[in-house]
Each structure stands twice: as structure tokens, then as C-alpha cells.
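Heads up, the thing below is written out as C-alpha cells.
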Amino acid sequence: MLRPSVLLPPLVLLLVGACTSGHDVAEKGRRVVVGMDVNSLQACAGIPTRTKRLDAQTELYSYEIHYENTGGAQITLPIVGGGFKAGATGSYCHAVVRVVRGRVVDVVYTGDNDDMIGREGVCAPIVRGCLRAYEKDPDVRTATATASRAR
């Protein structure tokens, strides 16, 4: 019979590895998306839910994701100013992407988007496609570079 001390380290490594991905994907995805041209962004993240033109050179793209079942347990204590959630994850994320002259210059995550382990993990699916495309081919940040290689 295996002793618990032999089984514990692999189990801990498995749990830690499984719990950190949402936050990491959201952060790495943000870094990959900044600098992308608009066509590349839409090719990997999809068509935005909403757009808003601020001026002749600046647009905002809003990508949204909503979850009905957030999992975990919610504990609310009668504290002034509300309560807190323990073990539950956020239920929605709005990724607001600022585009200037056809290039992404900023990505801001808003909403109830924290997961159990890290911040903004609920936003990970919005940028996951862009991160995967970048990992396969770092030139994916510009549709022009991808199109010129195809010729």
C-alpha cells in the first residue's frame, strides 16, 4: 500500500498547475493582443460584441463573456459595504480593446471577472484564441505578415 506522503506531492502539483491557467492566459493574452492590427485581432478573438468610434483614429471594441453557473460556494457575511465571495468565480467579463489607427494599443478587463485563484481569469476565453495563434506563429500579430508569407 502506498503511503499518503508518496501520493501527496504529485496531487499538489496537479492541483496547482490546473488552478493558475485562467489568470495567466488573460495576462499573456493581453500582452499578445497589444500591438496587433485590427484584422488579426478579429481573426483570433472574433467579431466584437460592440464597437464605438471615439474620433477619426480611435475605436473601442467590446468583447463580452457571461457565465450562468460560476461554481464554488458563496459566503456573504453582514459586513458594512457588502460581503465577500469565498471559493466562487466571477460571472462575466468585458474586454475593452482600444484601437488607434488600426492597431490595438490597450486592453482593459472589467466586470465580475476574478476566478478562485487569480484576477481576471474569467476573461481568458476572450483572448485564448489569440494566444494560441501567437504561440504557433509569433508573426500572427499582423495580418499583413501572414498574408505576405502565403503568397
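If you're wondering about the labels, chains in the C-alpha cells are A, B, ... by order shown, residues count from 1 in each chain, ligands from 1 in order shown.
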Exercise: range 39-50 of chain A partners within 12 Å, only C-alpha atoms, chain neighbours under 2 positions left out, as a compact mmCIF listing (two decimals) with N, CA and C atoms, in the first residue's frame:
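selection.txt written:
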# COMPACT_ATOMS: atom_id res chain seq x y z
N GLY A 29 -2.46 36.88 -22.84
CA GLY A 29 -3.28 37.27 -23.98
C GLY A 29 -3.33 38.77 -24.16
N ARG A 30 -3.41 39.50 -23.06
CA ARG A 30 -3.40 40.96 -23.13
C ARG A 30 -2.10 41.45 -23.77
N VAL A 32 -0.13 39.83 -25.82
CA VAL A 32 -0.07 39.44 -27.22
C VAL A 32 -0.95 40.34 -28.08
N VAL A 33 -2.12 40.68 -27.59
CA VAL A 33 -3.09 41.46 -28.37
C VAL A 33 -2.62 42.90 -28.57
N VAL A 34 -1.97 43.48 -27.57
CA VAL A 34 -1.49 44.86 -27.72
C VAL A 34 -0.43 44.88 -28.83
N GLY A 35 -0.65 45.73 -29.81
CA GLY A 35 0.24 45.82 -30.96
C GLY A 35 -0.31 45.15 -32.20
N MET A 36 -1.34 44.31 -32.03
CA MET A 36 -1.96 43.62 -33.17
C MET A 36 -2.71 44.61 -34.05
N ASP A 37 -2.77 44.29 -35.34
CA ASP A 37 -3.64 45.09 -36.19
C ASP A 37 -5.07 44.56 -36.04
N LYS A 52 -17.39 51.26 -30.74
CA LYS A 52 -17.69 52.68 -30.57
C LYS A 52 -16.54 53.47 -31.15
N ARG A 53 -16.84 54.34 -32.10
CA ARG A 53 -15.82 55.22 -32.68
C ARG A 53 -15.74 56.47 -31.82
N GLU A 59 -11.04 53.76 -31.93
CA GLU A 59 -12.26 52.97 -31.73
C GLU A 59 -12.11 52.14 -30.47
N LEU A 60 -13.25 51.81 -29.86
CA LEU A 60 -13.29 50.86 -28.76
C LEU A 60 -14.03 49.61 -29.25
N TYR A 61 -13.46 48.45 -28.99
CA TYR A 61 -14.11 47.17 -29.27
C TYR A 61 -14.42 46.53 -27.93
N SER A 62 -15.64 46.04 -27.77
CA SER A 62 -16.03 45.37 -26.54
C SER A 62 -16.29 43.90 -26.82
N TYR A 63 -15.56 43.05 -26.14
CA TYR A 63 -15.78 41.60 -26.19
C TYR A 63 -16.36 41.20 -24.85
N GLU A 64 -17.43 40.39 -24.87
CA GLU A 64 -18.12 40.05 -23.63
C GLU A 64 -18.28 38.54 -23.51
N ILE A 65 -18.20 38.09 -22.27
CA ILE A 65 -18.45 36.68 -21.97
C ILE A 65 -19.23 36.62 -20.67
N HIS A 94 -15.95 41.87 -19.52
CA HIS A 94 -15.97 42.75 -20.69
C HIS A 94 -14.51 43.11 -20.95
N ALA A 95 -14.02 42.75 -22.12
CA ALA A 95 -12.68 43.16 -22.53
C ALA A 95 -12.87 44.36 -23.44
N VAL A 96 -12.39 45.50 -23.00
CA VAL A 96 -12.50 46.73 -23.78
C VAL A 96 -11.14 46.93 -24.46
N VAL A 97 -11.16 46.88 -25.78
CA VAL A 97 -9.94 46.98 -26.58
C VAL A 97 -9.91 48.34 -27.26
N ARG A 98 -8.86 49.11 -27.00
CA ARG A 98 -8.71 50.44 -27.63
C ARG A 98 -7.84 50.27 -28.87
N VAL A 99 -8.38 50.73 -30.01
CA VAL A 99 -7.70 50.63 -31.29
C VAL A 99 -7.43 52.05 -31.81
N GLY A 102 -5.87 51.62 -36.46
CA GLY A 102 -5.90 50.23 -36.89
C GLY A 102 -5.07 49.26 -36.07
N ARG A 103 -4.49 49.71 -34.95
CA ARG A 103 -3.69 48.84 -34.08
C ARG A 103 -4.20 48.89 -32.64
N VAL A 104 -4.14 47.74 -31.98
CA VAL A 104 -4.54 47.66 -30.57
C VAL A 104 -3.48 48.33 -29.72
N VAL A 105 -3.91 49.29 -28.89
CA VAL A 105 -2.97 49.98 -28.00
C VAL A 105 -3.21 49.66 -26.53
N VAL A 107 -5.77 46.98 -23.66
CA VAL A 107 -6.85 46.05 -23.34
C VAL A 107 -7.13 46.18 -21.86
N CYS A 123 -11.85 36.21 -17.99
CA CYS A 123 -11.61 36.84 -19.30
C CYS A 123 -10.75 35.98 -20.23
N ALA A 124 -10.16 34.94 -19.72
CA ALA A 124 -9.23 34.13 -20.51
C ALA A 124 -9.80 33.65 -21.85
N PRO A 125 -11.04 33.16 -21.92
CA PRO A 125 -11.54 32.67 -23.21
C PRO A 125 -11.59 33.74 -24.30
N ILE A 126 -11.67 35.00 -23.93
CA ILE A 126 -11.74 36.07 -24.93
C ILE A 126 -10.44 36.15 -25.72
N VAL A 127 -9.31 36.01 -25.05
CA VAL A 127 -8.01 36.15 -25.71
C VAL A 127 -7.29 34.83 -25.95
N ARG A 128 -7.88 33.73 -25.52
CA ARG A 128 -7.21 32.43 -25.64
C ARG A 128 -6.87 32.08 -27.09
N GLY A 129 -7.79 32.36 -28.02
CA GLY A 129 -7.52 32.08 -29.43
C GLY A 129 -6.34 32.86 -29.96
N CYS A 130 -6.22 34.12 -29.55
CA CYS A 130 -5.09 34.95 -29.98
C CYS A 130 -3.78 34.43 -29.40
N LEU A 131 -3.80 34.00 -28.15
CA LEU A 131 -2.60 33.47 -27.52
C LEU A 131 -2.16 32.18 -28.21
N ARG A 132 -3.09 31.30 -28.51
CA ARG A 132 -2.75 30.06 -29.20
C ARG A 132 -2.19 30.32 -30.60
N ALA A 133 -2.81 31.26 -31.31
CA ALA A 133 -2.31 31.61 -32.65
C ALA A 133 -0.90 32.17 -32.56
N TYR A 134 -0.64 33.00 -31.57
CA TYR A 134 0.68 33.61 -31.39
C TYR A 134 1.72 32.55 -31.03
N PRO A 138 4.50 33.57 -34.07
CA PRO A 138 4.59 34.92 -33.49
C PRO A 138 4.29 36.05 -34.48
N ASP A 139 4.33 35.79 -35.78
CA ASP A 139 4.01 36.82 -36.77
C ASP A 139 2.51 37.03 -36.92
N VAL A 140 1.68 36.31 -36.18
CA VAL A 140 0.23 36.42 -36.30
C VAL A 140 -0.27 37.80 -35.86
N ARG A 141 0.57 38.56 -35.20
CA ARG A 141 0.16 39.89 -34.72
C ARG A 141 -0.19 40.83 -35.85
N THR A 142 0.27 40.52 -37.06
CA THR A 142 -0.09 41.35 -38.21
C THR A 142 -0.62 40.48 -39.32
N ALA A 143 -1.81 40.76 -39.77
CA ALA A 143 -2.41 40.00 -40.87
C ALA A 143 -1.58 40.20 -42.13
N THR A 144 -0.94 41.34 -42.29
CA THR A 144 -0.14 41.63 -43.46
C THR A 144 1.03 40.66 -43.56
N ALA A 145 1.70 40.39 -42.44
CA ALA A 145 2.84 39.46 -42.45
C ALA A 145 2.37 38.06 -42.80
N THR A 146 1.21 37.65 -42.28
CA THR A 146 0.68 36.33 -42.56
C THR A 146 0.28 36.22 -44.04
N ALA A 147 -0.35 37.25 -44.58
CA ALA A 147 -0.78 37.22 -45.97
C ALA A 147 0.42 37.22 -46.92
| said: Ranking A:His23, A:Tyr92, A:Arg101, A:Tyr67 by minimum distance to Leu54 in chain A and counting only C-alpha atoms, which one comes first? | reply: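 Smallest separation from Leu54 in chain A among the options: A:Arg101.
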| said: Between A:Val38, A:Cys93, A:Thr51, A:Ala56, which residue has the minimum interatomic distance to Val108 in chain A, considering only C-alpha atoms? | reply: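 Smallest separation from Val108 in chain A among the options: A:Cys93.
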| task | Can you work out the spacing between CA of Glu135 in chain A and CA of Arg31 in chain A in Å, to one decimal? | result | 12.4 Å
| By how many Å are CA of Gln57 in chain A and CA of Val100 in chain A apart? |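 That distance, rounded to one decimal, is 5.4 Å.
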